[in-house]
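Student: This is the content of start23.cif (mmCIF, C-alpha atoms):
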```cif
data_run
#
loop_
_atom_site.group_PDB
_atom_site.id
_atom_site.type_symbol
_atom_site.label_atom_id
_atom_site.label_comp_id
_atom_site.auth_asym_id
_atom_site.auth_seq_id
_atom_site.Cartn_x
_atom_site.Cartn_y
_atom_site.Cartn_z
ATOM 1 C CA MET H 30 93.400 105.003 106.253
ATOM 2 C CA PRO H 31 96.570 106.850 105.162
ATOM 3 C CA PHE H 32 99.870 105.004 105.249
ATOM 4 C CA GLU H 33 103.546 105.614 104.587
ATOM 5 C CA ILE H 34 106.087 103.470 102.746
ATOM 6 C CA ARG H 35 109.591 103.707 104.168
ATOM 7 C CA ARG H 36 112.886 101.805 104.201
ATOM 8 C CA ALA H 37 112.825 99.107 106.889
ATOM 9 C CA LEU H 38 115.005 99.536 109.961
ATOM 10 C CA LEU H 39 116.637 96.913 112.186
ATOM 11 C CA ALA H 40 114.013 97.756 114.818
ATOM 12 C CA ASP H 41 111.291 96.618 112.377
ATOM 13 C CA ALA H 42 112.320 92.949 112.578
ATOM 14 C CA PRO H 43 109.619 92.005 115.152
ATOM 15 C CA HIS H 44 106.935 93.809 113.118
ATOM 16 C CA ILE H 45 108.038 92.187 109.849
ATOM 17 C CA ALA H 46 108.065 88.764 111.528
ATOM 18 C CA HIS H 47 104.563 89.359 112.899
ATOM 19 C CA VAL H 48 103.210 90.399 109.489
ATOM 20 C CA GLN H 49 104.870 87.411 107.792
ATOM 21 C CA VAL H 50 103.573 84.800 110.244
ATOM 22 C CA GLU H 51 100.057 86.250 110.418
ATOM 23 C CA SER H 52 99.899 86.549 106.634
ATOM 24 C CA TRP H 53 100.846 82.906 106.199
ATOM 25 C CA ARG H 54 98.219 81.877 108.755
ATOM 26 C CA THR H 55 95.444 83.821 106.998
ATOM 27 C CA THR H 56 96.485 83.121 103.395
ATOM 28 C CA TYR H 57 97.427 79.463 103.363
ATOM 29 C CA PRO H 58 94.821 77.441 105.325
ATOM 30 C CA GLY H 59 93.681 74.619 103.068
ATOM 31 C CA ILE H 60 96.767 75.091 100.873
ATOM 32 C CA VAL H 61 99.672 74.466 103.263
ATOM 33 C CA PRO H 62 99.363 71.772 105.964
ATOM 34 C CA SER H 63 97.918 73.213 109.173
ATOM 35 C CA SER H 64 100.720 71.592 111.188
ATOM 36 C CA PHE H 65 103.196 73.791 109.283
ATOM 37 C CA LEU H 66 101.128 76.950 109.857
ATOM 38 C CA ASP H 67 100.684 76.148 113.549
ATOM 39 C CA ALA H 68 104.441 75.702 113.938
ATOM 40 C CA LEU H 69 105.362 79.098 112.457
ATOM 41 C CA ASP H 70 107.541 80.859 114.989
ATOM 42 C CA LYS H 71 107.698 84.645 115.210
ATOM 43 C CA GLN H 72 110.947 84.573 117.203
ATOM 44 C CA GLY H 73 112.557 82.417 114.534
ATOM 45 C CA ARG H 74 111.378 84.808 111.846
ATOM 46 C CA ILE H 75 112.800 87.784 113.808
ATOM 47 C CA GLU H 76 116.170 86.033 113.926
ATOM 48 C CA ALA H 77 115.977 85.381 110.170
ATOM 49 C CA TRP H 78 115.135 89.019 109.374
ATOM 50 C CA LEU H 79 117.770 90.675 111.591
ATOM 51 C CA PRO H 80 120.777 89.874 109.352
ATOM 52 C CA GLN H 81 118.816 90.837 106.232
ATOM 53 C CA LEU H 82 117.916 94.189 107.768
ATOM 54 C CA ALA H 83 121.486 94.735 108.997
ATOM 55 C CA ASP H 84 122.790 94.097 105.457
ATOM 56 C CA GLU H 85 121.439 97.200 103.786
ATOM 57 C CA THR H 86 122.167 95.892 100.269
ATOM 58 C CA THR H 87 118.773 94.134 100.027
ATOM 59 C CA PRO H 88 115.956 96.658 99.647
ATOM 60 C CA ILE H 89 113.305 96.076 102.305
ATOM 61 C CA PHE H 90 110.418 98.503 102.749
ATOM 62 C CA VAL H 91 107.534 98.598 105.216
ATOM 63 C CA ALA H 92 104.024 99.971 104.997
ATOM 64 C CA GLU H 93 103.082 101.767 108.183
ATOM 65 C CA ASP H 94 100.176 103.768 109.545
ATOM 66 C CA ASP H 95 99.326 105.243 112.949
ATOM 67 C CA ALA H 96 98.786 101.715 114.327
ATOM 68 C CA GLY H 97 102.233 100.535 113.155
ATOM 69 C CA VAL H 98 103.768 98.320 110.484
ATOM 70 C CA PHE H 99 101.159 96.286 108.596
ATOM 71 C CA GLY H 100 103.082 95.192 105.503
ATOM 72 C CA PHE H 101 106.497 94.800 103.921
ATOM 73 C CA ILE H 102 108.316 93.944 100.700
ATOM 74 C CA SER H 103 111.839 92.820 99.845
ATOM 75 C CA GLY H 104 113.665 92.064 96.631
ATOM 76 C CA GLY H 105 116.917 92.139 94.744
ATOM 77 C CA ALA H 106 118.939 90.223 92.193
ATOM 78 C CA ILE H 107 117.256 87.061 90.960
ATOM 79 C CA ARG H 108 118.301 84.080 93.088
ATOM 80 C CA ASP H 109 117.549 81.245 90.644
ATOM 81 C CA ALA H 110 117.405 81.916 86.916
ATOM 82 C CA VAL H 111 113.919 82.493 85.495
ATOM 83 C CA GLY H 112 114.095 83.244 81.790
ATOM 84 C CA ASP H 113 115.775 86.592 81.169
ATOM 85 C CA TYR H 114 114.522 88.190 84.400
ATOM 86 C CA ASP H 115 117.295 89.874 86.375
ATOM 87 C CA ALA H 116 115.519 90.916 89.606
ATOM 88 C CA GLU H 117 113.186 89.150 92.002
ATOM 89 C CA LEU H 118 110.465 90.202 94.401
ATOM 90 C CA TYR H 119 111.490 87.994 97.337
ATOM 91 C CA ALA H 120 108.597 88.629 99.684
ATOM 92 C CA ILE H 121 105.551 90.845 100.031
ATOM 93 C CA TYR H 122 103.097 90.458 102.886
ATOM 94 C CA LEU H 123 100.249 92.554 104.263
ATOM 95 C CA LEU H 124 98.035 91.869 107.245
ATOM 96 C CA GLN H 125 94.713 90.599 105.928
ATOM 97 C CA ASP H 126 92.653 93.572 107.136
ATOM 98 C CA ARG H 127 94.964 95.984 105.257
ATOM 99 C CA GLN H 128 94.832 94.231 101.889
ATOM 100 C CA ARG H 129 93.032 95.788 98.904
ATOM 101 C CA GLN H 130 93.739 99.333 100.086
ATOM 102 C CA GLY H 131 96.646 100.250 97.799
ATOM 103 C CA ALA H 132 99.576 99.390 100.063
ATOM 104 C CA GLY H 133 100.606 96.299 98.064
ATOM 105 C CA ARG H 134 100.646 98.289 94.840
ATOM 106 C CA ALA H 135 102.595 101.120 96.536
ATOM 107 C CA LEU H 136 105.144 98.716 98.030
ATOM 108 C CA THR H 137 105.649 97.033 94.656
ATOM 109 C CA ALA H 138 106.135 100.380 92.889
ATOM 110 C CA VAL H 139 108.731 101.524 95.449
ATOM 111 C CA LEU H 140 110.650 98.246 95.161
ATOM 112 C CA ALA H 141 110.483 98.371 91.351
ATOM 113 C CA ALA H 142 111.809 101.957 91.315
ATOM 114 C CA THR H 143 114.630 101.036 93.698
ATOM 115 C CA LEU H 144 115.617 98.025 91.599
ATOM 116 C CA GLN H 145 115.377 100.021 88.371
ATOM 117 C CA ASN H 146 117.638 102.709 89.879
ATOM 118 C CA ALA H 147 120.118 99.926 90.726
ATOM 119 C CA GLY H 148 120.230 98.938 87.049
ATOM 120 C CA PHE H 149 117.759 96.043 86.925
ATOM 121 C CA GLN H 150 115.403 95.813 83.960
ATOM 122 C CA SER H 151 112.803 93.151 84.851
ATOM 123 C CA MET H 152 111.442 91.291 87.871
ATOM 124 C CA ALA H 153 109.977 87.881 88.688
ATOM 125 C CA VAL H 154 108.155 86.602 91.764
ATOM 126 C CA TRP H 155 107.451 83.040 92.920
ATOM 127 C CA ALA H 156 104.039 82.328 94.459
ATOM 128 C CA LEU H 157 102.236 79.140 95.330
ATOM 129 C CA GLU H 158 99.832 78.525 92.465
ATOM 130 C CA GLU H 159 96.837 78.483 94.853
ATOM 131 C CA ASN H 160 97.898 81.706 96.591
ATOM 132 C CA PRO H 161 95.167 84.329 96.098
ATOM 133 C CA SER H 162 97.957 86.897 95.564
ATOM 134 C CA VAL H 163 98.607 85.452 92.105
ATOM 135 C CA ALA H 164 95.603 87.528 90.979
ATOM 136 C CA PHE H 165 97.204 90.637 92.552
ATOM 137 C CA TYR H 166 100.418 90.104 90.579
ATOM 138 C CA LYS H 167 98.449 89.612 87.373
ATOM 139 C CA ARG H 168 96.471 92.828 88.012
ATOM 140 C CA LEU H 169 99.850 94.592 88.224
ATOM 141 C CA GLY H 170 100.725 93.213 84.785
ATOM 142 C CA ALA H 171 102.770 90.125 85.669
ATOM 143 C CA VAL H 172 102.598 87.166 83.305
ATOM 144 C CA PRO H 173 103.210 83.486 84.170
ATOM 145 C CA VAL H 174 106.729 82.480 83.081
ATOM 146 C CA ALA H 175 107.686 79.226 84.848
ATOM 147 C CA THR H 176 106.521 76.549 87.264
ATOM 148 C CA LYS H 177 108.159 74.179 89.721
ATOM 149 C CA THR H 178 107.136 72.026 92.653
ATOM 150 C CA VAL H 179 108.067 72.959 96.227
ATOM 151 C CA GLN H 180 107.633 71.014 99.420
ATOM 152 C CA ILE H 181 106.110 72.761 102.438
ATOM 153 C CA GLY H 182 105.255 70.854 105.581
ATOM 154 C CA GLY H 183 105.710 67.552 103.776
ATOM 155 C CA LYS H 184 103.263 68.448 100.992
ATOM 156 C CA GLU H 185 104.279 68.963 97.360
ATOM 157 C CA LEU H 186 102.797 72.187 96.004
ATOM 158 C CA PRO H 187 102.892 73.828 92.564
ATOM 159 C CA ASP H 188 104.849 77.076 92.584
ATOM 160 C CA LEU H 189 104.364 79.651 89.837
ATOM 161 C CA ALA H 190 106.839 82.307 88.666
ATOM 162 C CA LEU H 191 105.233 85.457 87.344
ATOM 163 C CA GLY H 192 107.232 88.189 85.704
ATOM 164 C CA TRP H 193 107.237 91.812 84.718
ATOM 165 C CA PRO H 194 109.423 92.113 81.601
ATOM 166 C CA ARG H 195 109.844 95.859 82.204
ATOM 167 C CA LEU H 196 110.307 97.308 85.696
ATOM 168 C CA ALA H 197 109.423 100.675 84.206
ATOM 169 C CA ASP H 198 105.806 99.462 83.830
ATOM 170 C CA LEU H 199 105.584 99.043 87.612
ATOM 171 C CA VAL H 200 107.246 102.353 88.346
ATOM 172 C CA THR H 201 104.985 104.214 85.935
ATOM 173 C CA PRO H 202 101.847 102.040 85.634
ATOM 174 C CA GLN H 203 100.348 101.926 82.146
ATOM 175 C CA ILE H 204 96.864 103.452 81.872
#
```
How does this structure look as structure tokens?

Tutor:
Amino acid sequence: MPFEIRRALLADAPHIAHVQVESWRTTYPGIVPSSFLDALDKQGRIEAWLPQLADETTPIFVAEDDAGVFGFISGGAIRDAVGDYDAELYAIYLLQDRQRQGAGRALTAVLAATLQNAGFQSMAVWALEENPSVAFYKRLGAVPVATKTVQIGGKELPDLALGWPRLADLVTPQI
């Protein structure tokens, strides 16, 4: 099914919140405590996304088709130092039934190009070690660069930083 990648608008906040909550609920059972997943609140996520969308300095893009928004990505300057990486992929989520159709790769390429145009050279992303998306990042050329422990829902979980040393490799994938 064809889709479009576009800059997110303030009006996309409910759609982004929906994608984020549903993605957590389909990705993290058995990894994150079910009590945490059950308590995820779409209204709370909308309220968290509104100021980010209003502040147009953070690149946020959505993937959309005729049925509506089914994925999004955001990123910017690295928040906590990871090696020499200067940019960070903050979040990327796709509804489960739209995964493995090219939208994640397209979203990542658009974010990488935007960050590269803003002067960034490299990018890191943090993902729970058990997150199936770690394989997606590795397929896009990311390499493990750091680990830490995070607490989610009262459970300590290993978190893995993966990095792309050259944003240009994401903008123009190597064959």

Student: Given the file above and the PyMOL selection byres ((chain H and resi 198) around 12), which residues are selected, and can you give them as a list of chain:residue names?

Tutor: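 With the shown file as input, the PyMOL selection byres ((chain H and resi 198) around 12) matches H:Thr137, H:Ala138, H:Ala141, H:Ala142, H:Gln145, H:Gln150, H:Ser151, H:Met152, H:Leu169, H:Gly170, H:Ala171, H:Gly192, H:Trp193, H:Pro194, H:Arg195, H:Leu196, H:Ala197, H:Leu199, H:Val200, H:Thr201, H:Pro202, H:Gln203, H:Ile204.
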
Student: List the neighbours of Gln81 of chain H out to 10 Å using only C-alpha atoms; skip same-chain residues closer than 5 positions along the sequence, and give me the result as a PyMOL selection string.

Tutor: chain H and resi 39+42+76+86-89+103

Student: Could you name the residues that touch Ala135 of chain H at 9 Å or less, counting only C-alpha atoms, but leaving out those on the same chain fewer than 5 positions away, as a list in words?

Tutor: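 My reading of the contact set: Ile34, Ala92 and Leu140 of chain H.
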
Student: Excluding segment 64-67 of chain H and residues on its chain fewer than 3 positions from it, collect all residues at most 10 Å away from it, counting all atoms listed in the file, and give them as a PyMOL selection string.

Tutor: chain H and resi 50-51+53-55+57-58+61+70+181-184

Student: I'd like the contact shell of Arg35 of chain H - 10 Å cut-off, only C-alpha atoms, skipping same-chain residues fewer than 6 positions apart - returned as a list in words.

Tutor: Ile89, Phe90, Val91, Ala92, Glu93, Phe101, Leu136 and Val139 of chain H

Student: I need the output of the PyMOL selection byres ((chain H and resi 112) around 10) for this file as a PDB file with C-alpha atoms, in the coordinates of the input; which residues are they?

Tutor:
```
ATOM      1  CA  ASP H 109     117.549  81.245  90.644  1.00  0.00           C
ATOM      2  CA  ALA H 110     117.405  81.916  86.916  1.00  0.00           C
ATOM      3  CA  VAL H 111     113.919  82.493  85.495  1.00  0.00           C
ATOM      4  CA  ASP H 113     115.775  86.592  81.169  1.00  0.00           C
ATOM      5  CA  TYR H 114     114.522  88.190  84.400  1.00  0.00           C
ATOM      6  CA  ASP H 115     117.295  89.874  86.375  1.00  0.00           C
ATOM      7  CA  ALA H 153     109.977  87.881  88.688  1.00  0.00           C
ATOM      8  CA  VAL H 174     106.729  82.480  83.081  1.00  0.00           C
ATOM      9  CA  ALA H 175     107.686  79.226  84.848  1.00  0.00           C
ATOM     10  CA  GLY H 192     107.232  88.189  85.704  1.00  0.00           C
TER      11      GLY H 192
END
```

Student: H:Asp95, H:Glu158, H:Ile102, H:Lys71: which is nearest Ala37 of chain H, counting only C-alpha atoms?

Tutor: H:Ile102

Student: For Val163 of chain H, please output as JSON, numbers by chain all residues within 12 Å (counting all atoms listed in the file; exclusion window: fewer than 4 positions along the same chain).

Tutor: {"H": [56, 121, 154, 155, 156, 157, 158, 159, 167, 168, 169, 170, 171, 172, 173, 188, 189, 190, 191, 192]}

Student: What gap, in Å, lies between atom CA of Val48 of chain H and atom CA of Leu124 of chain H?

Tutor: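 Computing the Euclidean distance for atom CA of Val48 of chain H and atom CA of Leu124 of chain H yields 5.8 Å.
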
Student: Between atom CA of Gly100 of chain H and atom CA of Phe32 of chain H, what is the spacing in Å?

Tutor: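 Computing the Euclidean distance for atom CA of Phe32 of chain H and atom CA of Gly100 of chain H yields 10.3 Å.
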
Student: Using all atoms listed in the file, pick whichever of H:Ile75, H:Leu123, H:Gly133, H:Asn160 has the shortest atom-to-atom distance to Pro187 of chain H.

Tutor: H:Asn160

Student: Work out how far atom CA of Val98 of chain H is from atom CA of Leu79 of chain H, in Å to one decimal.

Tutor: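 If I compute the distance from atom CA of Leu79 of chain H to atom CA of Val98 of chain H, I get 16.0 Å.
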
Student: From the options H:Ala147, H:Ala116, H:Ile60, H:Ala68, which residue's atoms come nearest to Leu186 of chain H, counting only C-alpha atoms?

Tutor: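 Under the stated criterion, the closest residue is H:Ile60.
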
Student: Edge lengths and centre, in Å to one decimal, as JSON: that's what I need for the box along x, y and z that holds all listed atoms of segment 139-154 of chain H plus 8 Å on each side.

Tutor:
```
{"center_x": 114.2, "center_y": 94.7, "center_z": 89.7, "size_x": 28.1, "size_y": 32.1, "size_z": 27.5}
```

Student: Could you check the closest approach to Gly105 of chain H for each of H:Thr176, H:Ser162, H:Asn146, H:Gln49 and tell me which residue wins, using all atoms listed in the file?

Tutor: H:Asn146

Student: From the set H:Glu117, H:Val179, H:Ala83, H:Gln128, which residue has the shortest atom-to-atom contact distance to Phe149 of chain H, counting all atoms listed in the file?

Tutor: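 Under the stated criterion, the closest residue is H:Glu117.
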
Student: For N, CA and C atoms, please extract segment 112-147 of chain H from the block and return it as a CSV table (one decimal), in the first residue's frame.

Tutor:
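What ended up in part-v2.csv:
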```csv
chain,number,residue,atom,x,y,z
H,112,GLY,N,29.5,8.2,23.0
H,112,GLY,CA,30.7,8.2,22.2
H,112,GLY,C,30.8,9.6,21.5
H,113,ASP,N,31.1,9.6,20.2
H,113,ASP,CA,31.2,10.8,19.4
H,113,ASP,C,30.0,11.1,18.6
H,114,TYR,N,28.9,10.4,18.9
H,114,TYR,CA,27.6,10.7,18.1
H,114,TYR,C,27.1,12.0,18.5
H,115,ASP,N,26.6,12.8,17.5
H,115,ASP,CA,26.1,14.1,17.7
H,115,ASP,C,24.6,14.2,17.6
H,116,ALA,N,23.9,13.3,17.0
H,116,ALA,CA,22.5,13.3,16.8
H,116,ALA,C,21.9,12.0,17.4
H,117,GLU,N,20.6,12.1,17.6
H,117,GLU,CA,19.9,10.9,18.2
H,117,GLU,C,18.5,10.8,17.5
H,118,LEU,N,18.2,9.5,17.2
H,118,LEU,CA,16.8,9.1,16.8
H,118,LEU,C,16.1,9.0,18.1
H,119,TYR,N,15.2,9.9,18.5
H,119,TYR,CA,14.5,9.8,19.7
H,119,TYR,C,13.4,8.8,19.8
H,120,ALA,N,12.6,8.7,18.7
H,120,ALA,CA,11.5,7.7,18.7
H,120,ALA,C,11.1,7.4,17.3
H,121,ILE,N,10.9,6.1,17.0
H,121,ILE,CA,10.3,5.7,15.8
H,121,ILE,C,9.3,4.6,16.1
H,122,TYR,N,8.1,4.7,15.7
H,122,TYR,CA,7.0,3.7,15.9
H,122,TYR,C,6.2,3.6,14.7
H,123,LEU,N,5.8,2.3,14.4
H,123,LEU,CA,4.9,2.0,13.4
H,123,LEU,C,3.8,1.0,13.9
H,124,LEU,N,2.6,1.2,13.5
H,124,LEU,CA,1.6,0.2,13.9
H,124,LEU,C,2.1,-1.2,13.4
H,125,GLN,N,1.8,-2.2,14.1
H,125,GLN,CA,2.3,-3.5,13.8
H,125,GLN,C,2.0,-4.0,12.4
H,126,ASP,N,0.8,-3.8,12.0
H,126,ASP,CA,0.4,-4.3,10.7
H,126,ASP,C,1.0,-3.5,9.5
H,127,ARG,N,1.7,-2.4,9.8
H,127,ARG,CA,2.4,-1.7,8.7
H,127,ARG,C,3.9,-1.8,8.8
H,128,GLN,N,4.4,-2.7,9.7
H,128,GLN,CA,5.8,-2.9,9.7
H,128,GLN,C,6.3,-3.8,8.6
H,129,ARG,N,7.5,-3.7,8.3
H,129,ARG,CA,8.2,-4.5,7.2
H,129,ARG,C,7.6,-4.2,5.8
H,130,GLN,N,7.2,-3.0,5.6
H,130,GLN,CA,6.7,-2.5,4.3
H,130,GLN,C,7.5,-1.3,3.8
H,131,GLY,N,8.6,-1.0,4.4
H,131,GLY,CA,9.5,0.1,3.9
H,131,GLY,C,9.3,1.5,4.6
H,132,ALA,N,8.2,1.6,5.4
H,132,ALA,CA,8.0,2.9,6.0
H,132,ALA,C,9.0,3.3,7.0
H,133,GLY,N,9.5,2.3,7.8
H,133,GLY,CA,10.5,2.5,8.8
H,133,GLY,C,11.8,3.0,8.2
H,134,ARG,N,12.2,2.3,7.1
H,134,ARG,CA,13.4,2.7,6.4
H,134,ARG,C,13.2,4.1,5.8
H,135,ALA,N,12.1,4.4,5.2
H,135,ALA,CA,11.8,5.7,4.6
H,135,ALA,C,11.8,6.8,5.7
H,136,LEU,N,11.2,6.6,6.8
H,136,LEU,CA,11.2,7.6,7.9
H,136,LEU,C,12.6,7.8,8.4
H,137,THR,N,13.4,6.8,8.6
H,137,THR,CA,14.8,6.9,9.0
H,137,THR,C,15.6,7.7,8.0
H,138,ALA,N,15.4,7.5,6.8
H,138,ALA,CA,16.2,8.2,5.7
H,138,ALA,C,15.8,9.7,5.7
H,139,VAL,N,14.5,10.0,5.9
H,139,VAL,CA,14.1,11.4,5.9
H,139,VAL,C,14.7,12.1,7.1
H,140,LEU,N,14.6,11.5,8.3
H,140,LEU,CA,15.2,12.1,9.5
H,140,LEU,C,16.7,12.3,9.3
H,141,ALA,N,17.4,11.3,8.8
H,141,ALA,CA,18.8,11.3,8.6
H,141,ALA,C,19.2,12.5,7.7
H,142,ALA,N,18.5,12.7,6.6
H,142,ALA,CA,18.7,13.8,5.7
H,142,ALA,C,18.5,15.1,6.3
H,143,THR,N,17.4,15.2,7.1
H,143,THR,CA,17.1,16.5,7.8
H,143,THR,C,18.2,16.8,8.8
H,144,LEU,N,18.6,15.8,9.6
H,144,LEU,CA,19.7,16.1,10.5
H,144,LEU,C,21.0,16.4,9.8
H,145,GLN,N,21.3,15.7,8.8
H,145,GLN,CA,22.5,16.0,8.0
H,145,GLN,C,22.5,17.4,7.5
H,146,ASN,N,21.4,17.8,7.0
H,146,ASN,CA,21.2,19.2,6.4
H,146,ASN,C,21.4,20.2,7.5
H,147,ALA,N,21.1,19.8,8.8
H,147,ALA,CA,21.3,20.7,9.9
H,147,ALA,C,22.7,20.7,10.5
```
